[in-house]
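With mmCIF, N, CA and C atoms inside, this is target-v8.cif:
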```cif
data_run
loop_
_atom_site.label_atom_id
_atom_site.label_comp_id
_atom_site.auth_asym_id
_atom_site.auth_seq_id
_atom_site.Cartn_x
_atom_site.Cartn_y
_atom_site.Cartn_z
N MET A 9 -0.51 -8.45 11.18
CA MET A 9 -1.08 -7.35 11.93
C MET A 9 0.02 -6.34 12.21
N LEU A 10 -0.30 -5.07 12.01
CA LEU A 10 0.68 -4.03 12.22
C LEU A 10 0.67 -3.56 13.67
N ILE A 11 1.80 -3.05 14.10
CA ILE A 11 1.97 -2.60 15.47
C ILE A 11 1.25 -1.28 15.70
N PHE A 12 1.13 -0.47 14.68
CA PHE A 12 0.52 0.84 14.84
C PHE A 12 -0.51 1.08 13.74
N GLN A 13 -1.36 2.08 13.96
CA GLN A 13 -2.34 2.47 12.96
C GLN A 13 -1.73 3.55 12.09
N PRO A 14 -1.59 3.30 10.80
CA PRO A 14 -1.01 4.31 9.93
C PRO A 14 -1.98 5.47 9.69
N ALA A 15 -1.40 6.65 9.51
CA ALA A 15 -2.22 7.82 9.18
C ALA A 15 -2.76 7.68 7.77
N CYS A 16 -1.93 7.22 6.86
CA CYS A 16 -2.32 7.04 5.46
C CYS A 16 -1.61 5.80 4.91
N ILE A 17 -2.22 5.25 3.88
CA ILE A 17 -1.61 4.13 3.17
C ILE A 17 -1.52 4.54 1.70
N TYR A 18 -0.30 4.62 1.20
CA TYR A 18 -0.07 5.05 -0.18
C TYR A 18 0.41 3.88 -1.02
N LEU A 19 -0.20 3.72 -2.16
CA LEU A 19 0.17 2.67 -3.09
C LEU A 19 0.86 3.32 -4.29
N HIS A 20 2.06 2.86 -4.59
CA HIS A 20 2.80 3.33 -5.76
C HIS A 20 2.40 2.43 -6.92
N ARG A 21 1.67 2.97 -7.91
CA ARG A 21 1.08 2.14 -8.97
C ARG A 21 2.10 1.51 -9.90
N GLU A 22 3.16 2.22 -10.21
CA GLU A 22 4.17 1.68 -11.12
C GLU A 22 5.01 0.64 -10.39
N SER A 23 5.45 -0.36 -11.13
CA SER A 23 6.31 -1.37 -10.51
C SER A 23 7.67 -0.76 -10.18
N VAL A 24 8.31 -1.32 -9.18
CA VAL A 24 9.65 -0.88 -8.80
C VAL A 24 10.61 -2.06 -8.89
N ASP A 25 11.86 -1.75 -9.02
CA ASP A 25 12.91 -2.77 -9.03
C ASP A 25 13.01 -3.35 -7.63
N PHE A 26 12.74 -4.63 -7.49
CA PHE A 26 12.71 -5.23 -6.17
C PHE A 26 14.09 -5.54 -5.60
N ARG A 27 15.14 -5.15 -6.30
CA ARG A 27 16.46 -5.19 -5.69
C ARG A 27 16.61 -4.02 -4.72
N LYS A 28 15.71 -3.04 -4.84
CA LYS A 28 15.75 -1.90 -3.91
C LYS A 28 15.32 -2.37 -2.54
N SER A 29 16.03 -1.88 -1.56
CA SER A 29 15.68 -2.18 -0.18
C SER A 29 15.22 -0.89 0.48
N ILE A 30 15.46 -0.73 1.75
CA ILE A 30 14.96 0.44 2.48
C ILE A 30 15.47 1.74 1.87
N ASN A 31 16.77 1.87 1.65
CA ASN A 31 17.31 3.12 1.13
C ASN A 31 16.75 3.46 -0.25
N GLY A 32 16.68 2.48 -1.13
CA GLY A 32 16.15 2.73 -2.47
C GLY A 32 14.68 3.09 -2.46
N LEU A 33 13.90 2.42 -1.61
CA LEU A 33 12.47 2.71 -1.55
C LEU A 33 12.19 4.06 -0.88
N THR A 34 13.01 4.45 0.10
CA THR A 34 12.82 5.78 0.68
C THR A 34 13.08 6.85 -0.37
N GLY A 35 14.02 6.59 -1.27
CA GLY A 35 14.26 7.52 -2.37
C GLY A 35 13.06 7.62 -3.29
N VAL A 36 12.40 6.50 -3.57
CA VAL A 36 11.19 6.52 -4.41
C VAL A 36 10.10 7.34 -3.73
N VAL A 37 9.94 7.16 -2.42
CA VAL A 37 8.90 7.90 -1.68
C VAL A 37 9.18 9.39 -1.75
N GLN A 38 10.42 9.78 -1.50
CA GLN A 38 10.75 11.20 -1.46
C GLN A 38 10.80 11.84 -2.84
N GLU A 39 11.35 11.16 -3.83
CA GLU A 39 11.54 11.77 -5.14
C GLU A 39 10.37 11.54 -6.08
N SER A 40 9.96 10.31 -6.28
CA SER A 40 8.89 10.01 -7.23
C SER A 40 7.51 10.35 -6.68
N MET A 41 7.29 10.00 -5.41
CA MET A 41 5.98 10.21 -4.82
C MET A 41 5.84 11.59 -4.18
N ALA A 42 6.95 12.25 -3.90
CA ALA A 42 6.99 13.57 -3.26
C ALA A 42 6.24 13.56 -1.92
N LEU A 43 6.49 12.52 -1.12
CA LEU A 43 5.85 12.39 0.19
C LEU A 43 6.90 12.32 1.28
N ASN A 44 6.49 12.59 2.51
CA ASN A 44 7.38 12.54 3.65
C ASN A 44 7.51 11.09 4.13
N VAL A 45 8.67 10.53 3.97
CA VAL A 45 8.91 9.14 4.33
C VAL A 45 8.86 8.92 5.84
N PHE A 46 9.00 9.99 6.62
CA PHE A 46 8.97 9.89 8.08
C PHE A 46 7.57 10.10 8.66
N SER A 47 6.60 10.24 7.80
CA SER A 47 5.22 10.39 8.29
C SER A 47 4.75 9.05 8.82
N LYS A 48 3.64 9.07 9.49
CA LYS A 48 3.10 7.83 10.06
C LYS A 48 2.25 7.13 8.99
N SER A 49 2.89 6.80 7.87
CA SER A 49 2.20 6.23 6.72
C SER A 49 2.86 4.95 6.26
N LEU A 50 2.08 4.14 5.55
CA LEU A 50 2.60 2.95 4.88
C LEU A 50 2.77 3.26 3.41
N PHE A 51 3.83 2.75 2.81
CA PHE A 51 4.09 2.93 1.38
C PHE A 51 4.19 1.53 0.77
N VAL A 52 3.32 1.25 -0.19
CA VAL A 52 3.19 -0.10 -0.74
C VAL A 52 3.71 -0.11 -2.17
N PHE A 53 4.57 -1.08 -2.47
CA PHE A 53 5.21 -1.21 -3.79
C PHE A 53 5.00 -2.63 -4.31
N CYS A 54 5.03 -2.76 -5.63
CA CYS A 54 4.85 -4.07 -6.26
C CYS A 54 5.95 -4.28 -7.30
N ASN A 55 6.30 -5.55 -7.54
CA ASN A 55 7.28 -5.84 -8.59
C ASN A 55 6.58 -5.91 -9.95
N ARG A 56 7.34 -6.02 -11.01
CA ARG A 56 6.81 -6.02 -12.37
C ARG A 56 5.83 -7.16 -12.62
N ASN A 57 6.10 -8.33 -12.08
CA ASN A 57 5.25 -9.49 -12.29
C ASN A 57 4.02 -9.52 -11.39
N ARG A 58 3.94 -8.59 -10.44
CA ARG A 58 2.84 -8.49 -9.47
C ARG A 58 2.72 -9.73 -8.58
N THR A 59 3.83 -10.37 -8.31
CA THR A 59 3.84 -11.53 -7.43
C THR A 59 4.40 -11.21 -6.04
N LYS A 60 4.95 -10.00 -5.89
CA LYS A 60 5.59 -9.61 -4.63
C LYS A 60 5.20 -8.18 -4.31
N ILE A 61 5.04 -7.91 -3.02
CA ILE A 61 4.87 -6.52 -2.58
C ILE A 61 5.82 -6.25 -1.42
N LYS A 62 6.19 -4.98 -1.31
CA LYS A 62 6.98 -4.51 -0.18
C LYS A 62 6.22 -3.35 0.44
N ILE A 63 6.23 -3.31 1.76
CA ILE A 63 5.54 -2.26 2.51
C ILE A 63 6.58 -1.60 3.41
N LEU A 64 6.76 -0.32 3.21
CA LEU A 64 7.77 0.45 3.94
C LEU A 64 7.07 1.40 4.91
N PHE A 65 7.60 1.49 6.13
CA PHE A 65 7.10 2.49 7.07
C PHE A 65 8.16 2.82 8.11
N TRP A 66 8.00 4.00 8.69
CA TRP A 66 8.88 4.50 9.74
C TRP A 66 8.14 4.34 11.06
N ASP A 67 8.75 3.70 12.06
CA ASP A 67 8.07 3.48 13.34
C ASP A 67 8.64 4.31 14.48
N LYS A 68 9.23 5.44 14.18
CA LYS A 68 9.83 6.40 15.12
C LYS A 68 11.21 5.98 15.63
N THR A 69 11.62 4.75 15.40
CA THR A 69 12.97 4.34 15.80
C THR A 69 13.77 3.83 14.62
N GLY A 70 13.11 3.57 13.51
CA GLY A 70 13.78 3.06 12.33
C GLY A 70 12.78 2.65 11.28
N PHE A 71 13.27 2.29 10.12
CA PHE A 71 12.41 1.86 9.03
C PHE A 71 12.11 0.38 9.15
N CYS A 72 10.91 0.02 8.78
CA CYS A 72 10.49 -1.38 8.71
C CYS A 72 10.13 -1.68 7.27
N LEU A 73 10.48 -2.86 6.83
CA LEU A 73 10.17 -3.28 5.47
C LEU A 73 9.53 -4.66 5.54
N LEU A 74 8.27 -4.72 5.16
CA LEU A 74 7.55 -6.00 5.10
C LEU A 74 7.55 -6.47 3.67
N TYR A 75 7.60 -7.77 3.48
CA TYR A 75 7.72 -8.36 2.15
C TYR A 75 6.75 -9.54 2.06
N LYS A 76 5.96 -9.58 1.00
CA LYS A 76 5.06 -10.71 0.80
C LYS A 76 5.23 -11.23 -0.62
N ARG A 77 5.37 -12.55 -0.74
CA ARG A 77 5.51 -13.20 -2.04
C ARG A 77 4.37 -14.19 -2.20
N LEU A 78 3.67 -14.11 -3.31
CA LEU A 78 2.63 -15.07 -3.62
C LEU A 78 3.25 -16.24 -4.36
N GLU A 79 2.82 -17.42 -4.04
CA GLU A 79 3.39 -18.61 -4.65
C GLU A 79 2.74 -18.97 -5.99
N LYS A 80 1.42 -18.76 -6.13
CA LYS A 80 0.76 -19.23 -7.35
C LYS A 80 -0.09 -18.18 -8.05
N ASP A 81 -0.24 -17.02 -7.52
CA ASP A 81 -1.16 -16.05 -8.08
C ASP A 81 -0.46 -14.70 -8.21
N LYS A 82 -1.21 -13.70 -8.63
CA LYS A 82 -0.70 -12.34 -8.75
C LYS A 82 -1.58 -11.41 -7.95
N PHE A 83 -0.97 -10.32 -7.45
CA PHE A 83 -1.75 -9.30 -6.78
C PHE A 83 -2.59 -8.57 -7.81
N LYS A 84 -3.80 -8.22 -7.45
CA LYS A 84 -4.69 -7.44 -8.31
C LYS A 84 -4.30 -5.97 -8.15
N TRP A 85 -3.31 -5.58 -8.90
CA TRP A 85 -2.70 -4.26 -8.75
C TRP A 85 -3.38 -3.26 -9.66
N PRO A 86 -3.89 -2.15 -9.12
CA PRO A 86 -4.53 -1.14 -9.97
C PRO A 86 -3.49 -0.45 -10.85
N ARG A 87 -3.74 -0.42 -12.14
CA ARG A 87 -2.76 0.14 -13.06
C ARG A 87 -3.17 1.50 -13.62
N ASN A 88 -4.45 1.74 -13.75
CA ASN A 88 -4.92 2.99 -14.34
C ASN A 88 -5.10 4.05 -13.27
N GLY A 89 -4.92 5.30 -13.67
CA GLY A 89 -5.09 6.40 -12.74
C GLY A 89 -3.78 7.09 -12.45
N GLU A 90 -3.81 7.89 -11.41
CA GLU A 90 -2.62 8.65 -11.03
C GLU A 90 -1.54 7.72 -10.48
N ALA A 91 -0.31 8.22 -10.43
CA ALA A 91 0.84 7.40 -10.03
C ALA A 91 0.75 6.94 -8.58
N ILE A 92 0.05 7.71 -7.75
CA ILE A 92 -0.07 7.38 -6.33
C ILE A 92 -1.55 7.21 -6.01
N MET A 93 -1.86 6.18 -5.27
CA MET A 93 -3.24 5.92 -4.86
C MET A 93 -3.27 5.82 -3.35
N GLN A 94 -4.18 6.52 -2.73
CA GLN A 94 -4.33 6.42 -1.28
C GLN A 94 -5.38 5.36 -0.98
N LEU A 95 -5.05 4.44 -0.09
CA LEU A 95 -5.93 3.34 0.26
C LEU A 95 -6.50 3.50 1.66
N SER A 96 -7.70 2.99 1.84
CA SER A 96 -8.23 2.86 3.20
C SER A 96 -7.64 1.59 3.79
N SER A 97 -7.77 1.43 5.10
CA SER A 97 -7.26 0.21 5.72
C SER A 97 -8.02 -1.00 5.21
N GLU A 98 -9.29 -0.82 4.88
CA GLU A 98 -10.10 -1.90 4.33
C GLU A 98 -9.60 -2.31 2.94
N GLN A 99 -9.31 -1.34 2.10
CA GLN A 99 -8.77 -1.62 0.77
C GLN A 99 -7.41 -2.30 0.87
N PHE A 100 -6.59 -1.87 1.81
CA PHE A 100 -5.28 -2.47 2.03
C PHE A 100 -5.43 -3.95 2.40
N ASP A 101 -6.37 -4.23 3.28
CA ASP A 101 -6.66 -5.61 3.65
C ASP A 101 -7.12 -6.41 2.43
N TRP A 102 -7.97 -5.82 1.61
CA TRP A 102 -8.44 -6.49 0.39
C TRP A 102 -7.28 -6.82 -0.53
N LEU A 103 -6.36 -5.85 -0.68
CA LEU A 103 -5.20 -6.06 -1.55
C LEU A 103 -4.38 -7.24 -1.06
N LEU A 104 -4.12 -7.29 0.24
CA LEU A 104 -3.32 -8.39 0.80
C LEU A 104 -4.04 -9.74 0.68
N ARG A 105 -5.35 -9.73 0.64
CA ARG A 105 -6.13 -10.97 0.50
C ARG A 105 -6.32 -11.39 -0.95
N GLY A 106 -5.87 -10.55 -1.89
CA GLY A 106 -5.96 -10.92 -3.30
C GLY A 106 -7.17 -10.40 -4.03
N LEU A 107 -7.93 -9.49 -3.41
CA LEU A 107 -9.11 -8.93 -4.07
C LEU A 107 -8.73 -7.73 -4.93
N ASP A 108 -9.52 -7.47 -5.93
CA ASP A 108 -9.28 -6.36 -6.85
C ASP A 108 -9.84 -5.08 -6.24
N ILE A 109 -8.97 -4.22 -5.73
CA ILE A 109 -9.43 -3.02 -5.04
C ILE A 109 -9.98 -1.97 -5.99
N SER A 110 -9.69 -2.07 -7.28
CA SER A 110 -10.23 -1.09 -8.21
C SER A 110 -11.71 -1.34 -8.49
N LYS A 111 -12.19 -2.55 -8.24
CA LYS A 111 -13.59 -2.87 -8.47
C LYS A 111 -14.42 -2.82 -7.19
N LEU A 112 -13.76 -2.87 -6.06
CA LEU A 112 -14.46 -2.81 -4.78
C LEU A 112 -14.32 -1.41 -4.21
N THR A 113 -15.38 -0.92 -3.69
CA THR A 113 -15.32 0.39 -3.04
C THR A 113 -15.83 0.23 -1.61
N PRO A 114 -15.14 0.80 -0.66
CA PRO A 114 -15.59 0.68 0.72
C PRO A 114 -16.88 1.46 0.93
N HIS A 115 -17.63 1.07 1.93
CA HIS A 115 -18.84 1.79 2.28
C HIS A 115 -18.46 3.16 2.83
N THR A 116 -19.18 4.15 2.41
CA THR A 116 -18.93 5.48 2.95
C THR A 116 -19.74 5.66 4.22
N GLU A 117 -19.19 6.42 5.14
CA GLU A 117 -19.89 6.64 6.39
C GLU A 117 -21.08 7.55 6.14
N LYS A 118 -22.17 7.25 6.81
CA LYS A 118 -23.40 8.02 6.68
C LYS A 118 -23.61 8.82 7.96
N TYR A 119 -24.03 10.05 7.81
CA TYR A 119 -24.31 10.91 8.95
C TYR A 119 -25.75 11.39 8.85
N PHE A 120 -26.50 11.16 9.90
CA PHE A 120 -27.90 11.55 9.93
C PHE A 120 -28.14 12.52 11.07
N THR A 121 -29.14 13.36 10.87
CA THR A 121 -29.47 14.32 11.93
C THR A 121 -30.72 13.88 12.69
N SER A 122 -31.54 13.01 12.07
CA SER A 122 -32.72 12.50 12.77
C SER A 122 -33.06 11.12 12.24
N VAL A 123 -33.89 10.42 12.99
CA VAL A 123 -34.30 9.07 12.61
C VAL A 123 -35.45 9.13 11.61
N MET A 124 -36.34 10.03 11.75
CA MET A 124 -37.53 10.14 10.88
C MET A 124 -37.34 11.17 9.82
#
```
Represent the structure of the file as structure tokens.
Amino acid sequence: MLIFQPACIYLHRESVDFRKSINGLTGVVQESMALNVFSKSLFVFCNRNRTKIKILFWDKTGFCLLYKRLEKDKFKWPRNGEAIMQLSSEQFDWLLRGLDISKLTPHTEKYFTSVM
């Protein structure tokens, strides 16, 4: 569970060298993704084998780096499409649970003006 609600969750589709730590990943965010690393956003990265992910975010006092390693499976990492994918919090949860987010789509909110 995260301490704060992120404004956006960005997934970097291409694999990154997992020897990179906070400084290297902030460079990827700023240079490759062209995004503000100090925004209230999560940045999600995967290794080449899709067995590990790193989640980078700024919490107003410093950078946090979360790391998850799967022991027997691979993350269902979306490969097709643009280099950056924006995720909903629901899709992010699906990704962490091992579901294929490219095949699942969240429900869209419905707005009605009357019941009848």
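Between A:Phe100 and the residues A:Met41, A:Leu33, A:Asn88, A:Ile63, the shortest atom-to-atom distance, using only C-alpha atoms, involves A:Ile63.
Closest approach to A:Ser110 among A:Lys84, A:Gly70, A:Glu98, A:Phe51: A:Lys84, based on all atoms listed in the file.
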For the file shown, what are the residues hit by the PyMOL selection byres (((chain A and resi 15-31 and name CA) around 6) and name CA), laid out as a PyMOL selection string?
chain A and resi 14+32-34+48-56+87+91-95
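Proximity ranking of A:Tyr75, A:Ser96, A:Thr121, A:Val45 relative to A:Ile61 places A:Tyr75 first, based on only N, CA and C atoms.
Among the candidates A:Arg77, A:Pro86, A:Val36, A:Ser122, the residue lying nearest to A:Leu64 is A:Val36 (atoms considered: only C-alpha atoms).
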Rounded to one decimal place, report the atom CA of A:Arg58-atom CA of A:Asp108 distance in Å.
12.6 Å
Residues within 6 Å of A:Phe83, only N, CA and C atoms, excluding chain neighbours under 2 positions, as a JSON list (two decimals) with N, CA and C atoms, in the coordinates of the input:
```
[["chain", "number", "residue", "atom", "x", "y", "z"],
["A", 58, "ARG", "N", 3.94, -8.59, -10.44],
["A", 58, "ARG", "CA", 2.84, -8.49, -9.47],
["A", 58, "ARG", "C", 2.72, -9.73, -8.58],
["A", 59, "THR", "N", 3.83, -10.37, -8.31],
["A", 59, "THR", "CA", 3.84, -11.53, -7.43],
["A", 59, "THR", "C", 4.40, -11.21, -6.04],
["A", 81, "ASP", "N", -0.24, -17.02, -7.52],
["A", 81, "ASP", "CA", -1.16, -16.05, -8.08],
["A", 81, "ASP", "C", -0.46, -14.70, -8.21],
["A", 85, "TRP", "N", -3.31, -5.58, -8.90],
["A", 85, "TRP", "CA", -2.70, -4.26, -8.75],
["A", 85, "TRP", "C", -3.38, -3.26, -9.66],
["A", 106, "GLY", "N", -5.87, -10.55, -1.89],
["A", 106, "GLY", "CA", -5.96, -10.92, -3.30],
["A", 106, "GLY", "C", -7.17, -10.40, -4.03]]
```
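Here atom CA of A:Asp101 is placed at a distance of 14.2 Å from atom CA of A:Lys62.
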Run DSSP on the backbone and give me the residues of stretch 24-82 of chain A it puts in strand (DSSP E or B), as a PDB file with N, CA and C atoms, keeping the file's coordinate frame.
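The resulting result-v9.pdb:
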```pdb
ATOM      1  N   SER A  49       2.890   6.800   7.870  1.00  0.00           N
ATOM      2  CA  SER A  49       2.200   6.230   6.720  1.00  0.00           C
ATOM      3  C   SER A  49       2.860   4.950   6.260  1.00  0.00           C
ATOM      4  N   LEU A  50       2.080   4.140   5.550  1.00  0.00           N
ATOM      5  CA  LEU A  50       2.600   2.950   4.880  1.00  0.00           C
ATOM      6  C   LEU A  50       2.770   3.260   3.410  1.00  0.00           C
ATOM      7  N   PHE A  51       3.830   2.750   2.810  1.00  0.00           N
ATOM      8  CA  PHE A  51       4.090   2.930   1.380  1.00  0.00           C
ATOM      9  C   PHE A  51       4.190   1.530   0.770  1.00  0.00           C
ATOM     10  N   VAL A  52       3.320   1.250  -0.190  1.00  0.00           N
ATOM     11  CA  VAL A  52       3.190  -0.100  -0.740  1.00  0.00           C
ATOM     12  C   VAL A  52       3.710  -0.110  -2.170  1.00  0.00           C
ATOM     13  N   PHE A  53       4.570  -1.080  -2.470  1.00  0.00           N
ATOM     14  CA  PHE A  53       5.210  -1.210  -3.790  1.00  0.00           C
ATOM     15  C   PHE A  53       5.000  -2.630  -4.310  1.00  0.00           C
ATOM     16  N   CYS A  54       5.030  -2.760  -5.630  1.00  0.00           N
ATOM     17  CA  CYS A  54       4.850  -4.070  -6.260  1.00  0.00           C
ATOM     18  C   CYS A  54       5.950  -4.280  -7.300  1.00  0.00           C
ATOM     19  N   LYS A  60       4.950 -10.000  -5.890  1.00  0.00           N
ATOM     20  CA  LYS A  60       5.590  -9.610  -4.630  1.00  0.00           C
ATOM     21  C   LYS A  60       5.200  -8.180  -4.310  1.00  0.00           C
ATOM     22  N   ILE A  61       5.040  -7.910  -3.020  1.00  0.00           N
ATOM     23  CA  ILE A  61       4.870  -6.520  -2.580  1.00  0.00           C
ATOM     24  C   ILE A  61       5.820  -6.250  -1.420  1.00  0.00           C
ATOM     25  N   LYS A  62       6.190  -4.980  -1.310  1.00  0.00           N
ATOM     26  CA  LYS A  62       6.980  -4.510  -0.180  1.00  0.00           C
ATOM     27  C   LYS A  62       6.220  -3.350   0.440  1.00  0.00           C
ATOM     28  N   ILE A  63       6.230  -3.310   1.760  1.00  0.00           N
ATOM     29  CA  ILE A  63       5.540  -2.260   2.510  1.00  0.00           C
ATOM     30  C   ILE A  63       6.580  -1.600   3.410  1.00  0.00           C
ATOM     31  N   LEU A  64       6.760  -0.320   3.210  1.00  0.00           N
ATOM     32  CA  LEU A  64       7.770   0.450   3.940  1.00  0.00           C
ATOM     33  C   LEU A  64       7.070   1.400   4.910  1.00  0.00           C
ATOM     34  N   PHE A  65       7.600   1.490   6.130  1.00  0.00           N
ATOM     35  CA  PHE A  65       7.100   2.490   7.070  1.00  0.00           C
ATOM     36  C   PHE A  65       8.160   2.820   8.110  1.00  0.00           C
ATOM     37  N   TRP A  66       8.000   4.000   8.690  1.00  0.00           N
ATOM     38  CA  TRP A  66       8.880   4.500   9.740  1.00  0.00           C
ATOM     39  C   TRP A  66       8.140   4.340  11.060  1.00  0.00           C
ATOM     40  N   PHE A  71      13.270   2.290  10.120  1.00  0.00           N
ATOM     41  CA  PHE A  71      12.410   1.860   9.030  1.00  0.00           C
ATOM     42  C   PHE A  71      12.110   0.380   9.150  1.00  0.00           C
ATOM     43  N   CYS A  72      10.910   0.020   8.780  1.00  0.00           N
ATOM     44  CA  CYS A  72      10.490  -1.380   8.710  1.00  0.00           C
ATOM     45  C   CYS A  72      10.130  -1.680   7.270  1.00  0.00           C
ATOM     46  N   LEU A  73      10.480  -2.860   6.830  1.00  0.00           N
ATOM     47  CA  LEU A  73      10.170  -3.280   5.470  1.00  0.00           C
ATOM     48  C   LEU A  73       9.530  -4.660   5.540  1.00  0.00           C
ATOM     49  N   LEU A  74       8.270  -4.720   5.160  1.00  0.00           N
ATOM     50  CA  LEU A  74       7.550  -6.000   5.100  1.00  0.00           C
ATOM     51  C   LEU A  74       7.550  -6.470   3.670  1.00  0.00           C
ATOM     52  N   TYR A  75       7.600  -7.770   3.480  1.00  0.00           N
ATOM     53  CA  TYR A  75       7.720  -8.360   2.150  1.00  0.00           C
ATOM     54  C   TYR A  75       6.750  -9.540   2.060  1.00  0.00           C
ATOM     55  N   LYS A  76       5.960  -9.580   1.000  1.00  0.00           N
ATOM     56  CA  LYS A  76       5.060 -10.710   0.800  1.00  0.00           C
ATOM     57  C   LYS A  76       5.230 -11.230  -0.620  1.00  0.00           C
ATOM     58  N   ARG A  77       5.370 -12.550  -0.740  1.00  0.00           N
ATOM     59  CA  ARG A  77       5.510 -13.200  -2.040  1.00  0.00           C
ATOM     60  C   ARG A  77       4.370 -14.190  -2.200  1.00  0.00           C
TER      61      ARG A  77
END
```
As a check of understanding: the span from atom C of A:Ser40 to atom C of A:Phe65 is 16.6 Å
